[in-house]
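Visitor: This is protein_8.txt (compact mmCIF, C-alpha atoms).
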# COMPACT_ATOMS: atom_id res chain seq x y z
CA MET L 113 -50.85 -2.97 24.61
CA MET L 114 -48.01 -1.05 22.99
CA GLY L 115 -45.57 -3.91 23.04
CA GLY L 116 -45.96 -4.89 19.40
CA ASN L 117 -46.01 -2.89 16.23
CA GLU L 118 -49.31 -1.02 16.75
CA LEU L 119 -47.48 2.30 16.73
CA TYR L 120 -45.82 1.64 13.34
CA VAL L 121 -48.95 0.17 11.74
CA GLY L 122 -51.09 3.02 13.08
CA THR L 123 -48.68 5.67 11.82
CA ALA L 124 -48.49 3.98 8.44
CA ILE L 125 -52.29 3.84 8.08
CA LEU L 126 -52.49 7.49 9.16
CA LEU L 127 -49.96 8.48 6.49
CA ILE L 128 -51.90 6.57 3.82
CA LEU L 129 -55.13 8.31 4.85
CA ILE L 130 -53.49 11.76 4.91
CA GLY L 131 -52.15 11.07 1.41
CA LEU L 132 -55.54 9.94 0.12
CA ALA L 133 -57.31 12.95 1.65
CA THR L 134 -54.72 15.26 0.07
CA VAL L 135 -55.20 13.67 -3.34
CA LEU L 136 -58.99 13.91 -3.13
CA VAL L 137 -59.43 17.35 -1.59
CA LYS L 138 -56.60 19.55 -2.82
CA ARG L 139 -57.00 21.43 -6.09
CA ASN L 140 -53.35 22.33 -6.65
CA ILE L 141 -51.82 19.50 -8.70
CA LEU L 142 -48.46 20.06 -7.05
CA LYS L 143 -50.11 19.21 -3.72
CA ILE L 144 -51.85 16.20 -5.30
CA ALA L 145 -48.45 14.88 -6.38
CA LEU L 146 -47.26 15.50 -2.81
CA GLY L 147 -50.25 13.50 -1.52
CA PHE L 148 -49.31 10.54 -3.70
CA SER L 149 -45.78 10.74 -2.30
CA ILE L 150 -47.10 10.73 1.29
CA MET L 151 -49.31 7.73 0.49
CA ASP L 152 -46.30 5.98 -1.00
CA THR L 153 -44.35 6.54 2.22
CA GLY L 154 -47.25 5.19 4.29
CA VAL L 155 -47.52 2.03 2.20
CA ASN L 156 -43.76 1.43 2.52
CA LEU L 157 -43.88 1.91 6.29
CA LEU L 158 -46.89 -0.43 6.53
CA ILE L 159 -45.11 -3.20 4.63
CA VAL L 160 -41.97 -2.91 6.76
CA ALA L 161 -44.04 -2.78 9.97
CA LEU L 162 -45.80 -6.02 9.03
CA GLY L 163 -42.46 -7.80 8.93
CA TYR L 164 -41.29 -6.44 12.25
CA LEU L 165 -41.00 -8.92 15.10
CA PRO L 166 -40.35 -7.36 18.52
CA GLY L 167 -37.05 -8.13 20.17
CA ARG L 168 -35.27 -9.32 17.04
CA THR L 169 -32.40 -7.79 15.13
CA ALA L 170 -32.03 -6.63 11.52
CA PRO L 171 -31.61 -9.40 8.91
CA ILE L 172 -27.91 -8.68 8.49
CA ILE L 173 -25.77 -11.55 9.71
CA ASP L 174 -22.71 -9.59 10.81
CA SER L 175 -22.14 -11.43 14.09
CA PRO L 176 -21.40 -15.14 14.60
CA GLU L 177 -23.90 -15.19 17.48
CA LEU L 178 -26.74 -15.16 14.95
CA PHE L 179 -25.78 -18.57 13.57
CA SER L 180 -27.43 -21.68 14.96
CA ASP L 181 -24.89 -23.87 13.14
CA ARG L 182 -21.68 -21.91 12.74
CA ALA L 183 -19.85 -24.44 10.57
CA ALA L 184 -22.64 -24.88 8.04
CA ARG L 185 -23.47 -21.14 8.24
CA ILE L 186 -27.13 -21.78 9.06
CA VAL L 187 -28.76 -18.79 10.72
CA ASP L 188 -31.04 -18.97 13.74
CA ALA L 189 -34.36 -17.85 12.24
CA ALA L 190 -35.67 -16.90 15.70
CA LYS L 191 -33.21 -14.01 15.98
CA VAL L 192 -33.92 -11.88 12.89
CA VAL L 193 -36.96 -9.99 11.61
CA ASP L 194 -38.68 -10.85 8.33
CA PRO L 195 -36.32 -9.86 5.46
CA ILE L 196 -38.89 -10.14 2.65
CA PRO L 197 -40.89 -6.93 3.31
CA GLN L 198 -37.62 -5.00 3.58
CA ALA L 199 -36.50 -6.36 0.22
CA LEU L 200 -39.81 -5.34 -1.36
CA VAL L 201 -39.73 -1.84 0.11
CA LEU L 202 -36.09 -1.28 -0.85
CA THR L 203 -36.93 -1.24 -4.55
CA ALA L 204 -40.32 0.41 -4.01
CA ILE L 205 -38.64 3.49 -2.52
CA VAL L 206 -36.46 4.09 -5.59
CA ILE L 207 -39.36 3.43 -7.95
CA GLY L 208 -41.42 5.89 -5.88
CA VAL L 209 -38.74 8.51 -6.59
CA GLY L 210 -38.97 7.78 -10.32
CA VAL L 211 -42.77 7.93 -10.34
CA THR L 212 -42.75 11.18 -8.36
CA ALA L 213 -40.33 12.62 -10.92
CA LEU L 214 -42.71 11.58 -13.70
CA MET L 215 -45.67 13.21 -11.91
CA LEU L 216 -43.72 16.43 -11.39
CA ALA L 217 -42.69 16.42 -15.04
CA TYR L 218 -46.37 16.29 -15.98
CA VAL L 219 -47.08 19.12 -13.54
CA VAL L 220 -44.43 21.26 -15.26
CA ARG L 221 -45.89 20.50 -18.70
CA LEU L 222 -49.47 21.13 -17.55
CA TYR L 223 -48.48 24.46 -16.06
CA ALA L 224 -46.73 25.38 -19.28
CA ALA L 225 -49.77 24.38 -21.35
CA THR L 226 -52.52 25.93 -19.22
CA GLY L 227 -50.84 28.57 -17.06
CA THR L 228 -52.51 27.25 -13.92
CA LEU L 229 -51.99 24.58 -11.28
CA ASP L 230 -55.71 24.38 -10.37
CA ILE L 231 -57.03 20.95 -11.31
CA ASP L 232 -60.59 22.31 -11.77
CA GLU L 233 -59.38 24.86 -14.32
CA ILE L 234 -57.52 22.16 -16.24
CA ARG L 235 -60.55 19.85 -16.23
CA ARG L 236 -62.45 22.40 -18.30
CA LEU L 237 -60.12 21.74 -21.21
CA LYS L 238 -61.45 18.21 -21.57
CA TRP L 239 -62.66 17.34 -25.07
CA MET Y 234 -70.16 17.80 -1.73
CA LYS Y 235 -66.67 16.98 -2.89
CA GLN Y 236 -65.40 17.17 0.67
CA ILE Y 237 -68.08 14.73 1.85
CA VAL Y 238 -67.24 12.20 -0.85
CA ALA Y 239 -63.56 12.50 0.04
CA LEU Y 240 -64.34 12.06 3.73
CA VAL Y 241 -66.42 8.94 3.05
CA ALA Y 242 -63.63 7.46 0.90
CA VAL Y 243 -61.02 8.17 3.58
CA VAL Y 244 -63.16 6.67 6.34
CA LEU Y 245 -63.90 3.57 4.23
CA LEU Y 246 -60.19 3.06 3.52
CA ALA Y 247 -59.44 3.53 7.21
CA VAL Y 248 -61.96 0.84 8.16
CA VAL Y 249 -60.69 -1.55 5.48
CA LEU Y 250 -57.04 -1.07 6.48
CA TRP Y 251 -57.82 -1.35 10.18
CA ARG Y 252 -59.68 -4.63 9.66
CA LEU Y 253 -57.25 -6.00 7.09
CA VAL Y 254 -53.94 -5.38 8.81
CA PRO Y 255 -53.13 -7.70 11.72
CA LEU Y 256 -52.31 -5.45 14.62
CA ALA Y 257 -50.63 -8.03 16.78
CA ALA Y 258 -47.05 -8.61 15.72
CA PRO Y 259 -46.38 -12.13 14.39
CA THR Y 260 -44.31 -14.30 16.69
CA GLN Y 261 -42.38 -16.23 14.06
CA LEU Y 262 -41.42 -16.03 10.40
CA GLY Y 263 -43.49 -17.51 7.60
CA PRO Y 264 -42.16 -20.61 5.81
CA VAL Y 265 -40.56 -18.73 2.89
CA ALA Y 266 -39.03 -16.05 5.12
CA ARG Y 267 -37.81 -18.80 7.43
CA HIS Y 268 -35.98 -20.55 4.59
CA TYR Y 269 -34.41 -17.27 3.41
CA ALA Y 270 -33.33 -16.41 6.97
CA GLU Y 271 -31.89 -19.83 7.79
CA TRP Y 272 -30.24 -20.70 4.51
CA GLY Y 273 -29.55 -17.26 3.02
CA VAL Y 274 -25.92 -17.11 4.19
CA ALA Y 275 -25.17 -20.75 3.41
CA GLU Y 276 -26.67 -20.59 -0.08
CA ASN Y 277 -25.51 -17.13 -1.17
CA GLY Y 278 -22.57 -16.20 1.03
CA GLY Y 279 -23.68 -12.60 1.61
CA SER Y 280 -24.33 -11.54 5.19
CA ASN Y 281 -27.11 -9.09 4.24
CA LEU Y 282 -30.20 -11.27 3.84
CA VAL Y 283 -32.20 -8.45 2.24
CA THR Y 284 -29.58 -8.21 -0.49
CA SER Y 285 -29.65 -11.98 -0.94
CA ILE Y 286 -33.39 -11.78 -1.56
CA VAL Y 287 -33.32 -8.70 -3.78
CA VAL Y 288 -30.44 -9.78 -6.00
CA ASN Y 289 -30.58 -13.55 -5.91
CA TYR Y 290 -33.82 -15.21 -4.75
CA ARG Y 291 -35.94 -12.50 -6.34
CA GLY Y 292 -33.34 -11.31 -8.84
CA PHE Y 293 -35.67 -11.61 -11.77
CA ASP Y 294 -38.21 -9.31 -10.05
CA THR Y 295 -35.44 -6.80 -9.44
CA LEU Y 296 -34.60 -6.86 -13.14
CA GLY Y 297 -38.24 -5.96 -13.74
CA GLU Y 298 -38.11 -3.22 -11.12
CA VAL Y 299 -34.99 -1.73 -12.67
CA THR Y 300 -36.95 -1.65 -15.93
CA VAL Y 301 -39.85 0.14 -14.22
CA LEU Y 302 -37.43 2.75 -12.87
CA PHE Y 303 -35.96 3.16 -16.35
CA LEU Y 304 -39.43 3.60 -17.85
CA SER Y 305 -40.49 6.25 -15.33
CA VAL Y 306 -37.25 8.19 -15.76
CA ALA Y 307 -37.47 7.88 -19.55
CA GLY Y 308 -41.09 9.09 -19.33
CA ALA Y 309 -40.10 12.13 -17.28
CA GLY Y 310 -37.29 12.92 -19.72
CA PHE Y 311 -39.65 12.53 -22.65
CA VAL Y 312 -42.31 14.79 -21.12
CA LEU Y 313 -39.75 17.52 -20.38
CA ARG Y 314 -37.80 17.18 -23.61
CA ARG Y 315 -39.06 20.28 -25.40
CA ARG Y 316 -38.99 23.63 -23.72
CA HIS Y 317 -41.13 25.91 -25.87
CA GLY Y 318 -43.97 27.33 -23.81
CA LEU Y 319 -42.20 26.71 -20.53
CA VAL Y 320 -41.84 29.73 -18.30
CA VAL Y 321 -38.14 30.32 -18.01
CA HIS Y 322 -36.88 32.18 -14.98
CA GLU Y 323 -33.51 33.80 -14.96
CA PRO Y 324 -31.40 31.45 -12.80
CA ILE Y 325 -30.07 33.01 -9.63
CA PRO Y 326 -26.35 32.24 -9.42
CA ALA Y 327 -25.40 30.11 -6.43
CA SER Y 328 -23.51 31.80 -3.63
CA GLU Y 329 -19.80 31.37 -3.06
CA ILE Y 330 -20.51 29.06 -0.10
CA VAL Y 331 -22.68 26.71 -2.17
CA GLN Y 332 -20.17 26.63 -5.03
CA THR Y 333 -17.18 25.93 -2.82
CA GLY Y 334 -19.09 23.43 -0.71
CA ALA Y 335 -20.36 21.56 -3.73
CA ARG Y 336 -16.88 21.33 -5.24
CA LEU Y 337 -15.50 20.11 -1.92
CA LEU Y 338 -18.27 17.58 -1.31
CA PHE Y 339 -18.84 16.17 -4.79
CA ALA Y 340 -15.99 13.64 -4.73
CA PRO Y 341 -16.61 12.36 -1.15
CA VAL Y 342 -20.35 12.01 -1.80
CA VAL Y 343 -19.79 10.00 -5.00
CA LEU Y 344 -17.15 7.92 -3.22
CA PHE Y 345 -19.58 7.25 -0.36
CA GLY Y 346 -22.25 6.17 -2.86
CA ALA Y 347 -19.78 3.78 -4.46
CA TYR Y 348 -18.87 2.47 -0.99
CA ILE Y 349 -22.55 1.80 -0.28
CA PHE Y 350 -23.14 -0.23 -3.41
CA VAL Y 351 -19.85 -2.10 -3.26
CA HIS Y 352 -20.69 -3.22 0.30
CA GLY Y 353 -24.33 -4.00 -0.47
CA HIS Y 354 -23.96 -7.67 0.44
CA LEU Y 355 -22.38 -6.93 3.84
CA THR Y 356 -23.96 -3.78 5.30
CA PRO Y 357 -27.29 -1.97 5.01
CA GLY Y 358 -27.46 -0.44 1.59
CA GLY Y 359 -26.83 -1.57 -1.93
CA GLY Y 360 -27.18 -0.57 -5.54
CA PHE Y 361 -30.39 1.42 -5.26
CA GLN Y 362 -29.30 3.41 -2.22
CA GLY Y 363 -25.75 3.92 -3.47
CA GLY Y 364 -27.04 5.05 -6.85
CA ALA Y 365 -29.31 7.59 -5.14
CA VAL Y 366 -26.35 8.91 -3.11
CA VAL Y 367 -24.23 9.27 -6.27
CA ALA Y 368 -27.08 11.17 -7.92
CA SER Y 369 -27.35 13.49 -4.92
CA GLY Y 370 -23.66 14.30 -5.37
CA VAL Y 371 -24.41 15.20 -8.97
CA LEU Y 372 -27.32 17.34 -7.76
CA LEU Y 373 -24.90 19.36 -5.61
CA LEU Y 374 -22.80 20.01 -8.70
CA LEU Y 375 -25.85 21.11 -10.69
CA LEU Y 376 -27.07 23.36 -7.88
CA ALA Y 377 -23.71 25.11 -7.62
CA ASP Y 378 -23.43 25.78 -11.34
CA ARG Y 379 -26.77 26.16 -13.12
CA ASP Y 380 -25.12 26.40 -16.54
CA ARG Y 381 -23.49 23.01 -16.23
CA HIS Y 382 -24.71 20.29 -18.58
CA LEU Y 383 -24.08 16.64 -17.92
CA PRO Y 384 -22.83 14.51 -20.81
CA HIS Y 385 -26.06 12.74 -21.74
CA GLY Y 386 -24.34 10.48 -24.26
CA PHE Y 387 -21.96 9.16 -21.62
CA LEU Y 388 -24.73 8.72 -19.03
CA GLY Y 389 -26.91 6.90 -21.54
CA LEU Y 390 -24.03 4.64 -22.53
CA LEU Y 391 -23.18 3.88 -18.87
CA GLU Y 392 -26.81 3.13 -18.10
CA SER Y 393 -27.31 0.86 -21.13
CA LEU Y 394 -24.05 -0.98 -20.46
CA SER Y 395 -24.98 -1.63 -16.82
CA GLY Y 396 -28.45 -2.84 -17.75
CA PHE Y 397 -26.87 -5.08 -20.37
CA SER Y 398 -24.37 -6.41 -17.81
CA TYR Y 399 -27.21 -7.31 -15.45
CA VAL Y 400 -28.75 -9.49 -18.16
CA LEU Y 401 -25.29 -10.91 -18.99
CA ALA Y 402 -24.80 -11.88 -15.33
CA GLY Y 403 -28.17 -13.60 -15.44
CA LEU Y 404 -27.17 -15.46 -18.59
CA ALA Y 405 -23.91 -16.51 -16.89
CA GLY Y 406 -26.03 -18.16 -14.21
CA LEU Y 407 -28.09 -19.87 -16.91
CA TRP Y 408 -24.91 -21.15 -18.53
CA ALA Y 409 -23.09 -22.22 -15.34
CA ALA Y 410 -25.90 -23.42 -13.08
CA GLY Y 411 -28.87 -23.95 -15.35
CA SER Y 412 -31.13 -21.17 -14.15
CA PHE Y 413 -31.30 -17.47 -14.98
CA LEU Y 414 -29.51 -15.26 -12.39
CA ALA Y 415 -28.30 -18.30 -10.44
CA ASN Y 416 -25.50 -17.52 -8.01
CA ARG Y 417 -23.85 -20.86 -7.32
CA GLY Y 418 -21.24 -22.02 -9.77
CA VAL Y 419 -20.70 -18.65 -11.47
CA LEU Y 420 -18.24 -17.13 -8.99
CA PRO Y 421 -16.94 -18.65 -5.73
CA LEU Y 422 -19.05 -17.76 -2.70
CA GLY Y 423 -15.99 -16.89 -0.61
CA SER Y 424 -15.92 -16.79 3.15
CA TRP Y 425 -18.54 -15.16 5.34
CA ASN Y 426 -18.47 -11.39 5.95
CA ARG Y 427 -15.65 -10.64 3.49
CA LEU Y 428 -15.76 -8.02 0.72
CA LEU Y 429 -14.97 -10.62 -1.93
CA SER Y 430 -17.78 -13.02 -1.16
CA ALA Y 431 -21.37 -13.82 -2.09
CA GLY Y 432 -20.50 -14.83 -5.65
CA ILE Y 433 -22.15 -12.71 -8.30
CA ILE Y 434 -24.30 -10.62 -5.91
CA PRO Y 435 -21.83 -7.71 -5.46
CA VAL Y 436 -21.21 -7.62 -9.20
CA ILE Y 437 -24.93 -7.30 -9.92
CA TYR Y 438 -25.39 -4.72 -7.15
CA MET Y 439 -22.53 -2.59 -8.48
CA VAL Y 440 -24.12 -2.73 -11.91
CA ILE Y 441 -27.49 -1.70 -10.41
CA GLY Y 442 -25.74 1.13 -8.54
CA LEU Y 443 -24.19 2.49 -11.73
CA LYS Y 444 -27.49 2.17 -13.57
CA VAL Y 445 -29.57 3.91 -10.89
CA GLY Y 446 -26.92 6.59 -10.39
CA SER Y 447 -26.62 7.47 -14.07
CA GLU Y 448 -30.40 7.34 -14.57
CA LEU Y 449 -31.18 9.65 -11.67
CA ALA Y 450 -28.31 11.99 -12.62
CA ALA Y 451 -29.66 12.32 -16.17
CA LEU Y 452 -33.15 12.90 -14.75
CA LEU Y 453 -31.86 15.64 -12.43
CA ASP Y 454 -30.11 17.32 -15.36
CA VAL Y 455 -33.28 17.29 -17.48
CA MET Y 456 -35.44 18.62 -14.62
CA MET Y 457 -32.92 21.28 -13.66
CA HIS Y 458 -32.80 22.74 -17.14
CA ALA Y 459 -36.53 22.43 -17.74
CA ALA Y 460 -37.47 24.17 -14.52
CA GLY Y 461 -35.62 27.39 -15.12
CA GLY Y 462 -32.34 26.84 -16.85
CA ASP Y 463 -30.61 28.92 -19.48
CA GLY Y 464 -30.53 28.92 -23.24
CA GLU Y 465 -32.06 26.71 -25.88
CA GLU Y 466 -29.24 24.24 -26.39
CA ALA Y 467 -30.06 22.33 -23.21
CA HIS Y 468 -31.70 19.29 -24.70
CA ARG Y 469 -30.65 16.46 -26.86
Once you've parsed the file, please lay out its structure as structure tokens.
Guide:
Amino acid sequence: MMGGNELYVGTAILLILIGLATVLVKRNILKIALGFSIMDTGVNLLIVALGYLPGRTAPIIDSPELFSDRAARIVDAAKVVDPIPQALVLTAIVIGVGVTALMLAYVVRLYAATGTLDIDEIRRLKW
Amino acid sequence: MKQIVALVAVVLLAVVLWRLVPLAAPTQLGPVARHYAEWGVAENGGSNLVTSIVVNYRGFDTLGEVTVLFLSVAGAGFVLRRRHGLVVHEPIPASEIVQTGARLLFAPVVLFGAYIFVHGHLTPGGGFQGGAVVASGVLLLLLADRDRHLPHGFLGLLESLSGFSYVLAGLAGLWAAGSFLANRGVLPLGSWNRLLSAGIIPVIYMVIGLKVGSELAALLDVMMHAAGGDGEEAHR
């Protein structure tokens, strides 16, 4: 049962759900930003887990044993995991950092403007 | 009431994700991934297939992603640009240990970041990760000395120049090989697993490293001085 990637997929889904619950339930906007960050981590882990194939190595061809045709430098595709999800997540992590910074900047400005971090208090200022 | 709605939403998402995501691991690569895995080294020369995809096969997407990062950092800088109304705490001076440690570690950390993005086509890592490591070195410096201001003009110039060089490298591919960001024909691919290999990929990844590093460093400086810095002269 636990031979595949159930553990990684399950953990990733759990992280996404924890993040969503945090965003929906918490009233402190700092914690809401934290919830988005947790959800971000879960999504990244889910994407990487979907590309994981048990028993294979990382898609870095640092050993000649990974080639199926050494002269033409053709790699044996049965020996490496899926490189595409890793490439997608690589940039998503850094962009997640930038987006988190933007959220926190808004938190700082909101606190300066309203004197509170409670999202219900801030909602009353709607016009 | 609010808790119930939240619980329903969470349960619904759980059901959707559980049904949507295939639990059993796939046994072989899809057709696109298979081509990248088999031909990545032969076509691009770099031994890190992830880097081959990020910088070459999907290089245009990465240009877009670099732009997204720039926009979010520019947005954060814009939101924090004025400080009136912000609660300013008196900064607590860093201890002797932090100051000495930061001075000792700054150069090795920045050097390590540069190592990571120079070797992006050979080892795990690359421009994004190396840039983040360089920025963490800058963060050490800022933590040790809260009055320090980074030269925003220089960081902006470095960042613009690296973004411009990325587009220039893409145009070189258009000129030499007939497609934007093409790798073949611009620089020699070199031999497998050498530092000077993979054509234009290491050049582009170094440029990305410089861009991400300078962007994140400028962001850290802005956040540091907005969140409890010193006098009024902090911002450009």
Visitor: Find the residues in chain L near chain Y: any atom within 6 Å counts, using only C-alpha atoms. Write them as a PyMOL selection string.
Guide: chain L and resi 116-118+136+171-173+185-187+189+195+199+207+210-211+214+217+224
Visitor: What separation in Å, quoted to one decimal, exists between CA of Val343 (chain Y) and CA of Leu375 (chain Y)?
Guide: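 About the pair CA of Val343 (chain Y) and CA of Leu375 (chain Y): they are 13.9 Å apart.
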Visitor: Tell me, in Å to one decimal, how far CA of Gly396 (chain Y) is from CA of Pro384 (chain Y).
Guide: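 Computing the Euclidean distance for CA of Gly396 (chain Y) and CA of Pro384 (chain Y) yields 18.5 Å.
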Visitor: What is the CA of Gln198 (chain L)-CA of Gly163 (chain L) distance in Å, reported with one decimal?
Guide: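 Pair CA of Gln198 (chain L) / CA of Gly163 (chain L) returns 7.7 Å.
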Visitor: Point out the residue among Y:Asn277, Y:Phe350, Y:Ala410, Y:His385 with the least atom-to-atom distance to Gly423 (chain Y), counting only C-alpha atoms.
Guide: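 Using only C-alpha atoms, the shortest distance to Gly423 (chain Y) belongs to Y:Asn277.
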Visitor: Please determine, counting all atoms listed in the file, which residue among L:Val160, L:Ala213, L:Ile234, L:Val193 has the shortest atom-to-atom distance to Tyr120 (chain L).
Guide: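 For Tyr120 (chain L), the nearest of the candidates is L:Val160.
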Visitor: Applying 9 Å and all atoms listed in the file, which residues near Ser447 (chain Y) remain after dropping the ones on its own chain fewer than 6 positions away? List them as an MDAnalysis selection string.
Guide: chainID Y and resid 364 367:368 388:389 391:392
Visitor: Residues around (-50.4, 5.6, -6.0), cut-off 12 Å, counting all atoms listed in the file - what are they as an NGL selection string?
Guide: :L and (128 or 131-132 or 135 or 144-156 or 204 or 207-208 or 211-212 or 215)
Visitor: Between Y:Ser369, Y:Ser328, Y:Ser393, Y:Asn289, which one has atoms that come closest to Asp454 (chain Y), using all atoms listed in the file?
Guide: Y:Ser369
Visitor: Edge lengths and centre in Å to one decimal, as lines of an AutoDock Vina configuration file, is what I'm after for the box along x, y and z that holds all listed atoms of region 212-229 of chain L once 5 Å is added on each side.
Guide:
center_x = -46.4
center_y = 19.9
center_z = -14.9
size_x = 22.2
size_y = 27.4
size_z = 23.0
Visitor: For Ala409 (chain Y), please output as JSON, numbers by chain all residues within 9 Å (counting only C-alpha atoms; exclusion window: fewer than 4 positions along the same chain).
Guide: {"Y": [404, 405, 415, 417, 418, 419]}
Visitor: For region 226-233 of chain L, work out the shell of residues within 7 Å, counting all atoms listed in the file and skipping chain neighbours fewer than 4 positions away, then give it as a PyMOL selection string.
Guide: chain L and resi 139-141+222
Visitor: Just want the 9 Å neighbourhood of Ile159 (chain L), counted on all atoms listed in the file, with same-chain residues fewer than 5 positions away dropped. Output as JSON, numbers by chain.
Guide: {"L": [121, 124, 154, 197, 198, 200, 201]}
